[in-house]
Each structure stands twice: as structure tokens, then as C-alpha cells.
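Containing mmCIF, C-alpha atoms and all ligand atoms: final25.cif.
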data_target
#
loop_
_atom_site.label_atom_id
_atom_site.label_comp_id
_atom_site.auth_asym_id
_atom_site.auth_seq_id
_atom_site.Cartn_x
_atom_site.Cartn_y
_atom_site.Cartn_z
CA MET D 1 75.91 -51.77 32.98
CA SER D 2 76.56 -55.32 34.18
CA PHE D 3 73.81 -57.31 35.86
CA GLN D 4 76.47 -59.13 37.88
CA ASN D 5 77.72 -56.12 39.79
CA PRO D 6 75.92 -54.82 42.81
CA VAL D 7 74.46 -51.33 42.46
CA PHE D 8 75.68 -48.52 44.69
CA ILE D 9 72.79 -46.16 44.16
CA PRO D 10 70.72 -45.15 47.17
CA GLY D 11 67.68 -46.94 45.81
CA PRO D 12 66.55 -49.02 44.13
CA THR D 13 68.80 -51.34 46.10
CA ASN D 14 70.17 -54.81 45.41
CA ILE D 15 67.50 -57.51 45.49
CA PRO D 16 68.38 -60.73 47.33
CA GLU D 17 67.73 -63.79 45.17
CA VAL D 18 65.07 -65.21 47.51
CA VAL D 19 63.20 -61.93 47.43
CA ARG D 20 63.32 -61.76 43.64
CA LYS D 21 61.92 -65.26 43.46
CA ALA D 22 59.21 -64.45 45.98
CA CYS D 23 58.01 -61.64 43.71
CA ASP D 24 57.66 -64.09 40.83
CA MET D 25 54.22 -65.52 41.54
CA PRO D 26 51.55 -67.24 39.53
CA THR D 27 48.31 -65.27 39.43
CA VAL D 28 46.31 -65.66 42.60
CA ASP D 29 42.81 -64.40 43.31
CA HIS D 30 43.46 -61.23 45.24
CA ARG D 31 40.04 -61.50 46.92
CA SER D 32 40.71 -64.94 48.30
CA PRO D 33 42.03 -66.00 51.72
CA ILE D 34 45.31 -66.90 50.00
CA PHE D 35 46.00 -63.21 49.52
CA GLY D 36 45.11 -62.56 53.15
CA ARG D 37 47.90 -64.94 54.13
CA ILE D 38 50.34 -62.63 52.36
CA LEU D 39 48.76 -59.29 53.25
CA HIS D 40 48.28 -59.57 56.99
CA PRO D 41 51.64 -61.08 57.98
CA ALA D 42 53.43 -58.61 55.69
CA ARG D 43 51.66 -55.73 57.45
CA ALA D 44 52.46 -57.20 60.86
CA ASN D 45 56.14 -57.51 59.87
CA VAL D 46 56.23 -53.90 58.65
CA GLN D 47 54.81 -52.79 62.01
CA LYS D 48 57.69 -54.59 63.74
CA VAL D 49 60.26 -53.02 61.40
CA LEU D 50 58.81 -49.63 62.38
CA LYS D 51 59.30 -50.62 66.05
CA SER D 52 55.62 -50.07 66.74
CA ASP D 53 53.00 -52.01 68.63
CA SER D 54 50.05 -50.14 67.24
CA ALA D 55 50.78 -48.40 63.92
CA HIS D 56 48.10 -48.88 61.27
CA VAL D 57 50.06 -50.13 58.27
CA PHE D 58 48.85 -49.46 54.72
CA ILE D 59 50.54 -50.65 51.57
CA PHE D 60 49.67 -48.98 48.27
CA PRO D 61 50.70 -49.92 44.75
CA SER D 62 52.80 -46.76 44.36
CA THR D 63 56.20 -45.40 45.42
CA GLY D 64 57.51 -43.34 48.30
CA THR D 65 56.11 -40.22 46.66
CA GLY D 66 52.63 -41.75 46.84
CA GLY D 67 53.37 -42.37 50.52
CA TRP D 68 53.93 -38.62 51.01
CA GLU D 69 50.61 -37.97 49.31
CA THR D 70 48.91 -40.55 51.55
CA ALA D 71 50.40 -38.89 54.64
CA ILE D 72 49.25 -35.37 53.86
CA THR D 73 45.90 -35.95 52.14
CA ASN D 74 44.62 -38.18 54.95
CA THR D 75 45.57 -35.78 57.74
CA LEU D 76 45.36 -32.19 56.43
CA SER D 77 42.99 -29.64 54.85
CA PRO D 78 43.60 -26.95 52.22
CA GLY D 79 45.23 -23.90 53.78
CA ASP D 80 46.60 -25.79 56.79
CA THR D 81 50.03 -24.65 57.93
CA VAL D 82 52.84 -27.20 57.97
CA LEU D 83 56.41 -26.76 59.20
CA ILE D 84 59.33 -28.33 57.33
CA ALA D 85 63.05 -27.78 56.79
CA ARG D 86 64.55 -27.74 53.29
CA ASN D 87 68.00 -29.34 53.48
CA GLY D 88 68.14 -31.38 50.28
CA MET D 89 66.31 -32.55 47.20
CA PHE D 90 63.85 -34.88 48.93
CA SER D 91 62.63 -32.40 51.52
CA HIS D 92 62.44 -29.90 48.62
CA ARG D 93 60.15 -32.25 46.68
CA TRP D 94 57.92 -32.86 49.67
CA ILE D 95 57.62 -29.07 50.13
CA ASP D 96 56.68 -28.76 46.46
CA MET D 97 53.97 -31.38 46.88
CA CYS D 98 52.54 -29.60 49.93
CA GLN D 99 52.46 -26.32 48.03
CA ARG D 100 50.69 -27.95 45.09
CA PHE D 101 48.08 -29.28 47.52
CA GLY D 102 47.39 -25.72 48.69
CA LEU D 103 48.98 -26.05 52.11
CA ASP D 104 50.59 -23.05 53.78
CA VAL D 105 54.16 -24.31 53.98
CA GLN D 106 56.45 -22.69 56.53
CA VAL D 107 59.92 -23.58 55.28
CA VAL D 108 63.03 -23.42 57.45
CA GLU D 109 65.82 -23.01 54.92
CA THR D 110 68.72 -25.15 56.10
CA PRO D 111 72.12 -25.39 54.40
CA TRP D 112 72.48 -28.64 52.46
CA GLY D 113 74.72 -30.96 54.45
CA HIS D 114 73.08 -29.99 57.75
CA GLY D 115 70.37 -31.82 59.67
CA ILE D 116 66.92 -30.54 60.56
CA PRO D 117 67.35 -27.80 63.22
CA ALA D 118 65.18 -29.10 66.07
CA ASP D 119 65.97 -26.03 68.21
CA ARG D 120 64.66 -23.71 65.49
CA PHE D 121 61.53 -25.88 65.25
CA GLU D 122 61.06 -25.54 69.01
CA GLU D 123 61.22 -21.73 68.77
CA ILE D 124 58.70 -21.64 65.94
CA LEU D 125 56.32 -24.08 67.62
CA THR D 126 56.59 -22.23 70.94
CA GLY D 127 55.75 -19.00 69.12
CA ASP D 128 52.72 -20.57 67.45
CA LYS D 129 50.32 -19.60 70.23
CA GLY D 130 47.21 -20.15 68.12
CA LYS D 131 48.38 -23.69 67.18
CA ALA D 132 48.04 -22.88 63.49
CA ILE D 133 50.68 -25.44 62.57
CA LYS D 134 48.88 -28.71 61.92
CA ALA D 135 51.84 -30.88 61.01
CA VAL D 136 55.61 -31.00 61.29
CA LEU D 137 57.16 -32.77 58.31
CA ALA D 138 60.61 -34.30 58.59
CA THR D 139 62.86 -36.15 56.18
CA HIS D 140 64.68 -38.59 58.44
CA ASN D 141 67.46 -39.29 55.97
CA GLU D 142 68.17 -36.76 53.21
CA THR D 143 69.24 -39.09 50.44
CA ALA D 144 70.59 -36.21 48.34
CA THR D 145 73.17 -35.10 50.89
CA GLY D 146 73.68 -38.23 53.00
CA VAL D 147 72.39 -36.49 56.11
CA VAL D 148 70.41 -38.12 58.90
CA SER D 149 68.31 -35.99 61.23
CA ASP D 150 67.36 -36.67 64.83
CA ILE D 151 63.62 -37.39 64.80
CA GLY D 152 63.59 -37.98 68.56
CA ALA D 153 64.91 -34.43 69.00
CA ILE D 154 62.10 -33.08 66.83
CA ARG D 155 59.56 -34.92 68.95
CA ARG D 156 61.17 -33.45 72.08
CA ALA D 157 60.99 -29.98 70.50
CA MET D 158 57.28 -30.46 69.82
CA ASP D 159 56.68 -31.68 73.36
CA ALA D 160 58.71 -28.85 74.88
CA ALA D 161 56.50 -26.41 72.98
CA ASP D 162 53.47 -28.41 74.12
CA HIS D 163 52.35 -28.43 70.50
CA PRO D 164 49.64 -30.79 69.19
CA ALA D 165 50.80 -30.87 65.54
CA LEU D 166 51.16 -34.23 63.84
CA LEU D 167 54.68 -35.50 63.12
CA LEU D 168 54.92 -36.85 59.55
CA VAL D 169 58.23 -38.52 58.74
CA ASP D 170 59.77 -39.49 55.42
CA GLY D 171 61.75 -42.61 56.27
CA VAL D 172 62.14 -43.76 52.68
CA SER D 173 65.91 -44.17 52.81
CA SER D 174 66.16 -45.07 56.49
CA ILE D 175 63.42 -47.53 57.43
CA GLY D 176 64.72 -51.09 57.37
CA SER D 177 68.36 -49.95 57.28
CA MET D 178 68.75 -47.43 60.11
CA ASP D 179 67.07 -47.32 63.48
CA PHE D 180 63.54 -45.96 63.23
CA GLN D 181 61.41 -45.83 66.36
CA PHE D 182 57.81 -45.10 65.42
CA ASP D 183 56.42 -45.46 68.95
CA ALA D 184 59.32 -44.08 70.98
CA TRP D 185 59.65 -40.99 68.78
CA GLY D 186 55.91 -40.36 68.71
CA VAL D 187 55.77 -40.49 64.93
CA ASP D 188 52.26 -39.98 63.53
CA VAL D 189 52.84 -41.02 59.94
CA ALA D 190 55.91 -42.86 58.64
CA VAL D 191 56.48 -43.20 54.91
CA THR D 192 58.69 -45.52 52.92
CA GLY D 193 58.84 -47.33 49.59
CA SER D 194 59.59 -50.91 48.66
CA GLN D 195 62.85 -50.30 46.78
CA LYS D 196 65.13 -49.08 49.57
CA GLY D 197 65.49 -50.79 52.95
CA PHE D 198 62.96 -53.44 52.02
CA MET D 199 65.20 -54.61 49.14
CA LEU D 200 62.37 -54.97 46.61
CA PRO D 201 61.72 -53.52 43.18
CA ALA D 202 59.92 -50.17 43.21
CA GLY D 203 56.14 -50.37 43.27
CA LEU D 204 54.88 -50.16 46.84
CA ALA D 205 54.26 -47.17 49.11
CA ILE D 206 54.44 -48.38 52.70
CA VAL D 207 52.97 -46.15 55.41
CA GLY D 208 52.25 -46.38 59.11
CA PHE D 209 49.64 -44.21 60.87
CA SER D 210 49.42 -43.61 64.62
CA ASP D 211 46.01 -43.73 66.29
CA LYS D 212 46.10 -39.94 66.40
CA ALA D 213 46.82 -39.66 62.67
CA ARG D 214 44.18 -42.28 61.93
CA GLY D 215 41.74 -40.21 63.99
CA SER D 216 42.42 -37.05 61.97
CA VAL D 217 41.26 -38.60 58.70
CA GLU D 218 37.59 -37.72 59.17
CA MET D 219 38.43 -34.02 59.55
CA ALA D 220 41.03 -33.85 56.79
CA GLN D 221 39.57 -32.10 53.78
CA LEU D 222 42.30 -32.56 51.18
CA LYS D 223 40.99 -34.48 48.17
CA ARG D 224 41.94 -38.12 47.99
CA THR D 225 40.54 -41.19 46.32
CA PHE D 226 43.23 -43.72 45.44
CA PHE D 227 45.12 -43.00 48.67
CA ASP D 228 42.16 -42.89 51.08
CA ILE D 229 43.22 -45.07 54.00
CA ARG D 230 39.58 -45.64 54.98
CA ASP D 231 38.90 -47.52 51.74
CA MET D 232 42.04 -49.53 52.32
CA GLU D 233 41.02 -50.35 55.89
CA LYS D 234 37.60 -51.59 54.83
CA ALA D 235 39.08 -53.77 52.12
CA TYR D 236 41.75 -55.21 54.46
CA ALA D 237 38.95 -56.51 56.67
CA ASN D 238 38.00 -58.75 53.71
CA ASN D 239 41.58 -59.81 52.82
CA ALA D 240 41.39 -57.49 49.84
CA TYR D 241 42.15 -54.10 48.31
CA PRO D 242 39.84 -51.39 47.01
CA TYR D 243 41.50 -52.20 43.67
CA THR D 244 44.01 -54.74 42.41
CA PRO D 245 47.04 -55.17 44.66
CA ALA D 246 50.58 -55.89 43.43
CA VAL D 247 50.45 -59.45 44.74
CA GLY D 248 53.98 -60.46 43.71
CA LEU D 249 55.53 -57.42 45.37
CA MET D 250 53.46 -58.03 48.49
CA ASN D 251 54.76 -61.58 48.63
CA GLY D 252 58.26 -60.19 48.20
CA LEU D 253 57.60 -57.81 51.09
CA LEU D 254 56.50 -60.69 53.27
CA ILE D 255 59.83 -62.40 52.63
CA SER D 256 62.07 -59.34 52.79
CA SER D 257 60.50 -58.06 56.02
CA HIS D 258 60.94 -61.54 57.45
CA MET D 259 64.62 -61.46 56.44
CA LEU D 260 65.13 -58.17 58.29
CA LEU D 261 63.44 -59.49 61.43
CA ASP D 262 65.29 -62.78 61.19
CA GLU D 263 68.68 -61.06 60.94
CA GLY D 264 67.51 -58.92 63.87
CA LEU D 265 66.81 -55.22 63.39
CA ASP D 266 69.68 -54.17 65.61
CA ASN D 267 72.03 -56.43 63.63
CA VAL D 268 70.75 -54.92 60.39
CA PHE D 269 71.41 -51.43 61.72
CA ALA D 270 74.87 -52.44 63.00
CA ARG D 271 75.71 -53.89 59.57
CA HIS D 272 74.77 -50.62 57.90
CA ARG D 273 76.77 -48.64 60.46
CA ARG D 274 79.84 -50.82 59.87
CA ILE D 275 79.55 -50.61 56.09
CA ALA D 276 79.10 -46.85 56.31
CA SER D 277 82.13 -46.56 58.58
CA GLY D 278 84.17 -48.38 55.92
CA VAL D 279 82.98 -46.01 53.20
CA ARG D 280 83.71 -43.01 55.41
CA ALA D 281 87.19 -44.34 56.17
CA ALA D 282 87.78 -44.65 52.42
CA VAL D 283 86.61 -41.10 51.78
CA ALA D 284 88.98 -39.82 54.46
CA ALA D 285 91.85 -41.83 52.96
CA TRP D 286 91.15 -40.23 49.59
CA GLY D 287 91.48 -36.83 51.22
CA LEU D 288 87.90 -35.97 50.30
CA ASN D 289 85.01 -34.73 52.40
CA LEU D 290 81.41 -35.74 52.81
CA CYS D 291 78.60 -33.33 52.08
CA ALA D 292 77.34 -34.10 55.62
CA VAL D 293 79.06 -31.47 57.71
CA SER D 294 79.61 -33.36 60.97
CA ASP D 295 79.88 -36.89 62.36
CA ASP D 296 76.51 -36.75 64.06
CA VAL D 297 74.61 -36.19 60.80
CA GLN D 298 76.48 -38.66 58.58
CA SER D 299 74.06 -41.19 57.17
CA ASP D 300 74.59 -44.93 57.45
CA THR D 301 72.73 -45.57 54.16
CA VAL D 302 74.24 -43.13 51.67
CA SER D 303 77.44 -41.09 51.45
CA ALA D 304 77.51 -37.95 49.28
CA ILE D 305 81.18 -37.32 48.52
CA VAL D 306 82.38 -33.85 47.55
CA THR D 307 84.88 -33.80 44.69
CA PRO D 308 87.56 -31.10 44.25
CA GLU D 309 86.58 -27.65 42.96
CA GLY D 310 86.47 -27.51 39.16
CA PHE D 311 85.90 -31.26 38.78
CA ASN D 312 82.51 -32.52 37.58
CA ALA D 313 81.48 -35.23 40.05
CA THR D 314 78.90 -36.59 37.61
CA ASP D 315 81.78 -37.73 35.35
CA ILE D 316 82.63 -40.38 37.97
CA VAL D 317 79.11 -41.79 37.74
CA THR D 318 79.08 -41.80 33.94
CA HIS D 319 82.55 -43.32 33.73
CA ALA D 320 81.78 -46.02 36.32
CA ALA D 321 78.78 -47.12 34.27
CA ASP D 322 80.59 -47.02 30.92
CA ALA D 323 83.96 -48.46 31.92
CA TYR D 324 83.14 -50.82 34.79
CA GLY D 325 79.41 -51.46 34.63
CA VAL D 326 78.84 -50.09 38.11
CA ALA D 327 76.15 -47.65 39.23
CA PHE D 328 76.80 -44.82 41.66
CA GLY D 329 74.42 -41.94 42.40
CA VAL D 330 74.75 -38.48 40.86
CA GLY D 331 74.43 -35.25 42.81
CA LEU D 332 70.95 -33.74 42.78
CA GLY D 333 69.76 -30.13 42.83
CA GLU D 334 72.12 -27.72 44.58
CA VAL D 335 74.89 -30.28 44.77
CA ALA D 336 74.61 -31.56 41.17
CA GLY D 337 78.13 -31.92 39.74
CA LYS D 338 79.65 -31.28 43.17
CA VAL D 339 79.08 -34.67 44.77
CA PHE D 340 78.72 -38.27 43.74
CA ARG D 341 76.92 -40.70 46.00
CA ILE D 342 77.70 -44.20 47.16
CA GLY D 343 74.46 -45.83 48.23
CA HIS D 344 75.00 -48.44 50.94
CA LEU D 345 71.56 -49.48 52.05
CA GLY D 346 69.55 -52.63 51.74
CA SER D 347 71.12 -55.94 50.85
CA LEU D 348 74.85 -55.28 51.06
CA THR D 349 77.84 -56.93 52.70
CA ASP D 350 81.31 -55.68 53.64
CA VAL D 351 82.75 -57.63 50.72
CA MET D 352 80.34 -56.16 48.17
CA THR D 353 81.12 -52.70 49.52
CA LEU D 354 84.85 -53.19 48.93
CA SER D 355 84.13 -53.69 45.23
CA GLY D 356 82.30 -50.38 45.08
CA ILE D 357 85.08 -48.53 46.87
CA ALA D 358 87.66 -50.11 44.55
CA THR D 359 85.62 -49.10 41.50
CA ALA D 360 85.27 -45.51 42.71
CA GLU D 361 89.06 -45.40 43.08
CA MET D 362 89.63 -46.67 39.56
CA CYS D 363 87.21 -44.08 38.18
CA MET D 364 88.73 -41.18 40.07
CA ALA D 365 92.24 -42.24 39.02
CA ASP D 366 91.09 -42.67 35.39
CA LEU D 367 89.68 -39.16 35.46
CA GLY D 368 92.92 -37.64 36.74
CA LEU D 369 92.20 -37.16 40.42
CA ASP D 370 95.16 -37.79 42.69
CA ILE D 371 93.78 -40.89 44.40
CA PRO D 372 96.32 -43.65 45.13
CA LEU D 373 94.79 -47.00 44.13
CA GLY D 374 94.02 -49.13 47.13
CA SER D 375 94.07 -46.29 49.64
CA GLY D 376 90.34 -46.24 50.28
CA VAL D 377 90.04 -50.01 49.98
CA ALA D 378 92.73 -50.50 52.65
CA ALA D 379 91.04 -48.04 54.99
CA ALA D 380 87.70 -49.81 54.56
CA GLN D 381 89.31 -53.23 55.00
CA LYS D 382 90.67 -52.11 58.36
CA ALA D 383 87.24 -50.89 59.44
CA PHE D 384 85.63 -54.17 58.36
CA MET D 385 88.29 -56.31 60.07
CA VAL D 386 87.73 -54.49 63.35
CA GLY D 387 84.01 -55.14 62.99
CA ALA D 388 84.45 -58.81 62.08
CA ASN D 389 86.87 -59.48 64.91
CA ALA D 390 84.55 -57.86 67.42
CA LYS D 391 81.72 -60.07 66.13
CA MET D 392 83.87 -63.24 66.43
CA LYS D 393 84.89 -62.32 69.96
CA ALA D 394 81.27 -61.74 70.97
CA ALA D 395 80.24 -65.07 69.42
CA ALA D 396 83.03 -66.96 71.26
CA GLN D 397 81.80 -65.75 74.66
C1 LIG D 401 63.80 -42.36 47.22
C2 LIG D 401 63.25 -41.33 48.14
C3 LIG D 401 61.98 -40.76 47.96
C4 LIG D 401 61.15 -40.99 46.75
O1 LIG D 401 60.64 -42.22 46.68
P1 LIG D 401 60.05 -42.79 45.29
O2 LIG D 401 59.83 -44.20 45.66
O3 LIG D 401 61.08 -42.58 44.25
O4 LIG D 401 58.79 -42.06 45.02
C5 LIG D 401 61.51 -39.90 48.93
N1 LIG D 401 62.24 -39.57 49.99
C6 LIG D 401 63.47 -40.05 50.19
C7 LIG D 401 64.24 -39.64 51.40
C8 LIG D 401 64.01 -40.95 49.27
O5 LIG D 401 65.25 -41.44 49.46
#

Please, can you express the file's structure as C-alpha cells?
Amino acid sequence: MSFQNPVFIPGPTNIPEVVRKACDMPTVDHRSPIFGRILHPARANVQKVLKSDSAHVFIFPSTGTGGWETAITNTLSPGDTVLIARNGMFSHRWIDMCQRFGLDVQVVETPWGHGIPADRFEEILTGDKGKAIKAVLATHNETATGVVSDIGAIRRAMDAADHPALLLVDGVSSIGSMDFQFDAWGVDVAVTGSQKGFMLPAGLAIVGFSDKARGSVEMAQLKRTFFDIRDMEKAYANNAYPYTPAVGLMNGLLISSHMLLDEGLDNVFARHRRIASGVRAAVAAWGLNLCAVSDDVQSDTVSAIVTPEGFNATDIVTHAADAYGVAFGVGLGEVAGKVFRIGHLGSLTDVMTLSGIATAEMCMADLGLDIPLGSGVAAAQKAFMVGANAKMKAAAQ
């Protein structure tokens, strides 16, 4: 692997130089006001990235998985029923965690490549006359399949059923790269990690709680100690943590969240959409298909590309690393060996993306697939030129 090449895995993502430097801090007293000057603005920035005016933001030394645990243990009790679709490896892992915590998990099996079926959720919630379902869990962006689901539609399904369940959303591979509307979608808990849209090394679980979710913590009986948001809240009031925070990463988060807000969230999302459109144009030019079955569920942060029958897609990933020092993502779970993934979230430009597309072409050609060199690159170039020209025109006006 070369340290000079960008990575094209869907997390951890490329770290901008200023963010890497911001993480490199001398030791500071984490109980001093100095730490408060990192902690509080970083939390305020995260709230803005979530598009929320009121979310309670907590940042744990952990990863996205710890964020899942924070979401469920602070809101639910053993035996509670939760509703969730399984449409990829990440929703599968969240289901597994819920089961291990002794929750009664009502799983809607959904073919991989499809989004969460909001209409099916509405039927189930409408049928739940006794309001046994305490939470609806949703993976906004299935990183395994490159599928984005419509969280607003899930909220509408819950409202149409007049159902009081909490809405817990895994936004690990969407928040900070694709539009996420905590307030407008009525999200109760949002979960992400530092190493995806926030462009940092792994090491932080970042969660937002609505007032309603915050209010449910007193009743929630699942065991929690490290992830108890009440301990965190008390400590925040004194510029501190209940334990030792990852100060360098928090400082990195302050800078990276500022970068996102400074670029403008809608510009960040438009950049990801444009980059994704270039990747999708390349895939079409190669004559290949995405795992995502339709346009409306294609993710702007990761593309899972289906390789021809009888070909082991993982060979592309291994060969790219060995021959060209470039990292792509392997297929996971049900789609292992059937897809390889190009991650395009976080700190990435059109130009960087062209290098990834070019490398994928070289690998596929090396491995005997009938992919004309330059075909995907040319298709992506066209998509990027359209985007750039539109931007220039808008700026000239
Ligand atoms: C990466 C990812 C996770 C897991 O996060 P970790 O930080 O590895 O614990 C969970 N959900 C989704 C959708 C992800 O992409």
C-alpha cells in the first residue's frame, strides 16, 4: 500500500492535512477550561452538521458500534420490541447487537440492494395496536451494498400509523457527506463515527439525542456504564468527561466539523453527489451494474459494483493493493466475492476520484475482464466537466 494514494474504502476515509495536524496535540489537562474550548464548539458544530437546533450531542471515545450501543442502552429495556430491516451487513450487525442485549427484534428481511421498505413498516406499525414496538431502527446508508434509504419516509410511516416509537438512525456512512435532517425527519437518536464523513481517524462515537430520547433514559433498563449519557451530561457541565477523553481527536473534530460548515453542508452534499455520479457513469461505461437496484437508492458515498458471474470480485481489491498500492472495499456477507466497493465519502475531489476509477480499470483489465482502458475514466470526466461548468456559470452570475 502507498501512503501517497488516496484510499477508496468506505471508511476510514482520507484525512485532510489540517485535520491530521489538529489531532497532533501536546497533552492538555482534560479537566481544564482549555478542554472546554474544544469540547463545546465541537459539539455545537456536530449539532449543525446534523441539521438540528436542539439535539443533545455526546461524543464517546469509541467507534460507530459504540454509538449503536449508546443509542439502544439509553433508550430501551430488556424484552422491548424493536423494528428493523435487514438489507446488508451493517443492519445485520445492529440486529445482532439488539439480540445480544435481549431485545425482541422484529426483522423485516429485505433483499440486499434494496432500501428500507417504509410501506411495510407502516403496515407493521399500524398493526401494532398495543404499541409494543418501542423503537424503529434504520440504517440510513447501507455501506455494504451502497444503498441509501429514505429516513423521511420512515418518519412519515411512523406518523401515519400514529406510533410513538423512537426512531434510531445509523448515519455512520452518511452524516457529513449526504443530507441528514435530524430535526426535519424527527430522528430521536443519530449515530456516527469519526472516521467517515468527519474525515478523522477512528476513535470517536458521535451521537445526537432528541429531547424525547433524552427523556426516555430514566425509564430505560438496559445495563450501561461507559455509555451512560447522564454521566456524560454531568461531566460536560464541568468541561470534562466521566473518564479521559481523546483530546487530540476532539480537536480534530472541531476542525473537521468547521471545514464541513465552512464549505457549506449543501456544497458538501453536492460534491458527493457529483463524485458519485462520475463513479456511476464509469460503472455504466464498463457495462457493469451496481448492487443498488434502482437510481433512487444509489448511495452518494459508496458504490458496490457487481462483477460478472464466476469472477471473484475480491481479487480486484487484492490486486489493487498489491500492484498499485490502492485500497478498495471488499464485498461483505451475502455479497462477498460478488461485489467490490469504491468508497467516495469524506475528503475527496473529482480529480482524486479519477485516479481511483483509472486504477479499478487497470485491475479489471489485468485480471482479464473485458474493460477498455479509459472507458470509465472518460465517462467520469464528462460528468465532472458538466458539474464544473455549471459551477463556473453560477459563479459568473
Ligand atoms: C462503518 C459503519 C459502522 C461501524 O462503525 P465502526 O466505527 O466500525 O464501529 C456502522 N454502520 C455503518 C453504516 C457503517 O458504515

**Prompt:** Quick one: residues within 9 Å of ligand LIG 401 (chain D), with all atoms listed in the file, as a ChimeraX atom specification?
**Reply:** /D:10-12,62-68,89-91,93-94,139-144,170-174,191-196,202-205

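Closest approach to Asp231 in chain D among D:Val279, D:His258, D:His40, D:Phe60: D:Phe60, based on all atoms listed in the file.
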
**Asked** In Å to one decimal, how far is CA of Asn238 in chain D from CA of Asp24 in chain D?
**Response**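 Computing the Euclidean distance for CA of Asp24 in chain D and CA of Asn238 in chain D yields 24.1 Å.
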
**Request:** Can you work out which one of D:Met199, D:Ala379, D:Gly368, D:Met158 has the shortest atom-to-atom distance to Thr13 in chain D, counting only C-alpha atoms?
**Result:**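 Ranking D:Met199, D:Ala379, D:Gly368, D:Met158 by distance to Thr13 in chain D, first place goes to D:Met199.
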
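Residue neighbourhood of Arg156 in chain D, excluding near-sequence residues (fewer than 5 positions): D:Ala118, D:Glu122, D:Ile151, D:Ala161, D:Trp185, at 9 Å, using all atoms listed in the file.
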
**Prompt:** In terms of the shortest atom-to-atom distance over only C-alpha atoms, which of D:Ala390, D:Leu260, D:Leu39, D:Leu168 is closest to Ala237 in chain D?
**Reply:** D:Leu39

**Complete:** Between CA of Ile15 in chain D and CA of Asp350 in chain D lies a distance of 16.1 Å
